[in-house]
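File shown: protein_35.pdb (PDB, C-alpha atoms).
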ATOM      1  CA  MET A 519      12.550  -0.789   9.907  1.00  0.00           C
ATOM      2  CA  HIS A 520       8.857  -1.664   9.832  1.00  0.00           C
ATOM      3  CA  THR A 521       7.415  -4.176  12.308  1.00  0.00           C
ATOM      4  CA  TYR A 522       4.380  -6.245  11.357  1.00  0.00           C
ATOM      5  CA  ILE A 523       2.478  -8.556  13.720  1.00  0.00           C
ATOM      6  CA  PRO A 524       1.243 -11.529  11.664  1.00  0.00           C
ATOM      7  CA  LYS A 525      -2.132 -13.135  12.248  1.00  0.00           C
ATOM      8  CA  GLY A 526      -3.048 -16.826  11.987  1.00  0.00           C
ATOM      9  CA  VAL A 527       0.514 -18.203  11.717  1.00  0.00           C
ATOM     10  CA  CYS A 528       3.268 -19.476  14.021  1.00  0.00           C
ATOM     11  CA  SER A 529       5.614 -16.523  13.529  1.00  0.00           C
ATOM     12  CA  ARG A 530       5.025 -13.728  16.023  1.00  0.00           C
ATOM     13  CA  GLN A 531       6.664 -10.777  14.273  1.00  0.00           C
ATOM     14  CA  ILE A 532       8.031  -9.791  10.866  1.00  0.00           C
ATOM     15  CA  ASP A 533      10.561  -6.950  10.608  1.00  0.00           C
ATOM     16  CA  VAL A 534      10.937  -5.470   7.132  1.00  0.00           C
ATOM     17  CA  GLU A 535      13.512  -2.988   5.884  1.00  0.00           C
ATOM     18  CA  LEU A 536      13.032  -1.464   2.442  1.00  0.00           C
ATOM     19  CA  ASP A 537      15.102   0.787   0.218  1.00  0.00           C
ATOM     20  CA  GLY A 538      12.384   2.378  -1.888  1.00  0.00           C
ATOM     21  CA  ASP A 539      10.648  -0.520  -3.637  1.00  0.00           C
ATOM     22  CA  THR A 540      13.541  -2.915  -2.989  1.00  0.00           C
ATOM     23  CA  ILE A 541      13.595  -5.341  -0.066  1.00  0.00           C
ATOM     24  CA  LYS A 542      16.695  -4.726   2.030  1.00  0.00           C
ATOM     25  CA  SER A 543      15.919  -7.327   4.731  1.00  0.00           C
ATOM     26  CA  VAL A 544      13.145  -9.431   6.245  1.00  0.00           C
ATOM     27  CA  GLN A 545      13.438 -11.042   9.665  1.00  0.00           C
ATOM     28  CA  PHE A 546      10.893 -13.376  11.266  1.00  0.00           C
ATOM     29  CA  THR A 547      10.490 -13.994  14.995  1.00  0.00           C
ATOM     30  CA  GLY A 548       9.078 -17.432  15.708  1.00  0.00           C
ATOM     31  CA  GLY A 549       7.790 -19.874  13.135  1.00  0.00           C
ATOM     32  CA  CYS A 550       9.739 -22.477  11.141  1.00  0.00           C
ATOM     33  CA  ASP A 551      13.241 -21.124  11.640  1.00  0.00           C
ATOM     34  CA  GLY A 552      15.079 -22.766   8.733  1.00  0.00           C
ATOM     35  CA  ASN A 553      12.367 -22.116   6.153  1.00  0.00           C
ATOM     36  CA  LEU A 554      11.856 -18.521   7.202  1.00  0.00           C
ATOM     37  CA  LYS A 555      15.600 -17.777   7.193  1.00  0.00           C
ATOM     38  CA  ALA A 556      15.748 -19.195   3.654  1.00  0.00           C
ATOM     39  CA  ILE A 557      12.774 -17.101   2.501  1.00  0.00           C
ATOM     40  CA  SER A 558      14.396 -14.005   4.009  1.00  0.00           C
ATOM     41  CA  LYS A 559      17.612 -14.610   2.046  1.00  0.00           C
ATOM     42  CA  LEU A 560      15.741 -15.310  -1.185  1.00  0.00           C
ATOM     43  CA  VAL A 561      13.777 -12.047  -1.106  1.00  0.00           C
ATOM     44  CA  GLU A 562      16.699  -9.710  -0.305  1.00  0.00           C
ATOM     45  CA  GLY A 563      17.359  -7.320  -3.169  1.00  0.00           C
ATOM     46  CA  LYS A 564      14.080  -8.132  -4.906  1.00  0.00           C
ATOM     47  CA  ASP A 565      11.271  -5.744  -5.853  1.00  0.00           C
ATOM     48  CA  VAL A 566       8.408  -5.595  -3.340  1.00  0.00           C
ATOM     49  CA  GLU A 567       5.665  -6.175  -5.943  1.00  0.00           C
ATOM     50  CA  GLU A 568       7.528  -9.123  -7.483  1.00  0.00           C
ATOM     51  CA  ILE A 569       7.657 -10.884  -4.116  1.00  0.00           C
ATOM     52  CA  VAL A 570       4.106  -9.906  -3.124  1.00  0.00           C
ATOM     53  CA  ALA A 571       2.792 -11.366  -6.404  1.00  0.00           C
ATOM     54  CA  MET A 572       4.738 -14.579  -5.780  1.00  0.00           C
ATOM     55  CA  MET A 573       3.855 -15.083  -2.081  1.00  0.00           C
ATOM     56  CA  GLU A 574       0.394 -13.577  -1.631  1.00  0.00           C
ATOM     57  CA  GLY A 575      -2.393 -16.078  -1.084  1.00  0.00           C
ATOM     58  CA  HIS A 576      -0.275 -19.079  -0.063  1.00  0.00           C
ATOM     59  CA  THR A 577      -1.766 -21.152   2.739  1.00  0.00           C
ATOM     60  CA  CYS A 578      -0.258 -23.400   5.405  1.00  0.00           C
ATOM     61  CA  GLY A 579      -2.142 -26.643   5.956  1.00  0.00           C
ATOM     62  CA  ARG A 580      -5.778 -25.834   6.647  1.00  0.00           C
ATOM     63  CA  ARG A 581      -4.990 -22.270   7.658  1.00  0.00           C
ATOM     64  CA  PRO A 582      -6.247 -19.552   5.295  1.00  0.00           C
ATOM     65  CA  THR A 583      -2.817 -17.851   5.368  1.00  0.00           C
ATOM     66  CA  SER A 584       0.889 -18.671   5.775  1.00  0.00           C
ATOM     67  CA  CYS A 585       4.079 -16.933   6.842  1.00  0.00           C
ATOM     68  CA  ALA A 586       4.780 -16.204   3.151  1.00  0.00           C
ATOM     69  CA  ASP A 587       1.321 -14.628   2.754  1.00  0.00           C
ATOM     70  CA  GLN A 588       1.814 -12.636   5.968  1.00  0.00           C
ATOM     71  CA  MET A 589       5.212 -11.458   4.689  1.00  0.00           C
ATOM     72  CA  ALA A 590       3.500 -10.181   1.529  1.00  0.00           C
ATOM     73  CA  ARG A 591       1.116  -8.184   3.722  1.00  0.00           C
ATOM     74  CA  ALA A 592       4.039  -6.891   5.803  1.00  0.00           C
ATOM     75  CA  LEU A 593       5.848  -5.775   2.639  1.00  0.00           C
ATOM     76  CA  ARG A 594       2.832  -3.884   1.362  1.00  0.00           C
ATOM     77  CA  GLU A 595       2.303  -2.231   4.751  1.00  0.00           C
ATOM     78  CA  ALA A 596       6.002  -1.274   4.983  1.00  0.00           C
ATOM     79  CA  ARG A 597       5.966   0.267   1.514  1.00  0.00           C
ATOM     80  CA  ALA A 598       2.812   2.249   2.285  1.00  0.00           C
ATOM     81  CA  ALA A 599       4.417   3.556   5.497  1.00  0.00           C
ATOM     82  CA  GLN A 600       7.424   5.038   3.657  1.00  0.00           C
TER      83      GLN A 600
END

Would you kindly transcribe this structure into structure tokens?
Amino acid sequence: MHTYIPKGVCSRQIDVELDGDTIKSVQFTGGCDGNLKAISKLVEGKDVEEIVAMMEGHTCGRRPTSCADQMARALREARAAQ
């Protein structure tokens, strides 16, 4: 399990579990509960790079980042830590 502390968003923590390059689970602490639970379910079993390419760069309102963008960063960091 890899823990990432997001910056500039409402969620306070993202826990990522990978199996090689495959996302086993993603769990957010804080943030928009329903949306983040849905995102977590949608990315399970998917390839890290596929999800990073899809989510990276998304913004939330006037913020320069979003929970989806922060998750992409968490996924990259988790893969590099393996």

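Summary of the local environment: counting all atoms listed in the file, residues at most 8 Å from Gly526 of chain A, other than itself and those fewer than 3 positions away along its chain, are Arg581, Pro582, Thr583 and Ser584 of chain A.
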
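Taken over the whole file, the PyMOL selection byres ((chain A and resi 596) around 9) covers exactly Met519, His520, Thr521, Tyr522, Val534, Glu535, Leu536, Arg591, Ala592, Leu593, Arg594, Glu595, Arg597, Ala598, Ala599 and Gln600 of chain A.
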
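Counting all atoms listed in the file, segment 558-560 of chain A has the following residues at most 9 Å away, ignoring those fewer than 6 positions along the same chain: Ser543, Val544, Gln545 and Phe546 of chain A.
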
(message) Please list as a VMD selection string every residue within 9 Å of Arg530 of chain A, counting only C-alpha atoms and excluding residues in the same chain fewer than 6 positions away.
(response) chain A and resid 522 to 524 546 to 549

Restrict the selected residues to C-alpha atoms and save them as a PDB file, in the coordinates of the input.
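After the write, again35.pdb holds the following:
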ATOM      1  CA  TYR A 522       4.380  -6.245  11.357  1.00  0.00           C
ATOM      2  CA  ILE A 523       2.478  -8.556  13.720  1.00  0.00           C
ATOM      3  CA  PRO A 524       1.243 -11.529  11.664  1.00  0.00           C
ATOM      4  CA  PHE A 546      10.893 -13.376  11.266  1.00  0.00           C
ATOM      5  CA  THR A 547      10.490 -13.994  14.995  1.00  0.00           C
ATOM      6  CA  GLY A 548       9.078 -17.432  15.708  1.00  0.00           C
ATOM      7  CA  GLY A 549       7.790 -19.874  13.135  1.00  0.00           C
TER       8      GLY A 549
END

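Taking only C-alpha atoms into account, Ser529 of chain A lies nearest to A:Asp551 out of the set A:Gly579, A:Ile541, A:Asp551, A:Ala571.
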
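Interatomic distance, atom CA of Lys525 of chain A to atom CA of Gly552 of chain A: 20.0 Å.
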
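When atom CA of Glu567 of chain A is paired with atom CA of Gly538 of chain A, their separation reads 11.6 Å.
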
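Put simply, atom CA of Asp537 of chain A is 27.8 Å away from atom CA of Thr577 of chain A.
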
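Closest to Met572 of chain A among A:Ala590, A:Cys550, A:Cys585, A:Val527 is A:Ala590, based on only C-alpha atoms.
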
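Distance annotation: of A:Gln588, A:Lys555, A:Lys564, A:Gln531, the residue with the minimal separation from His576 of chain A is A:Gln588; atom set is all atoms listed in the file.
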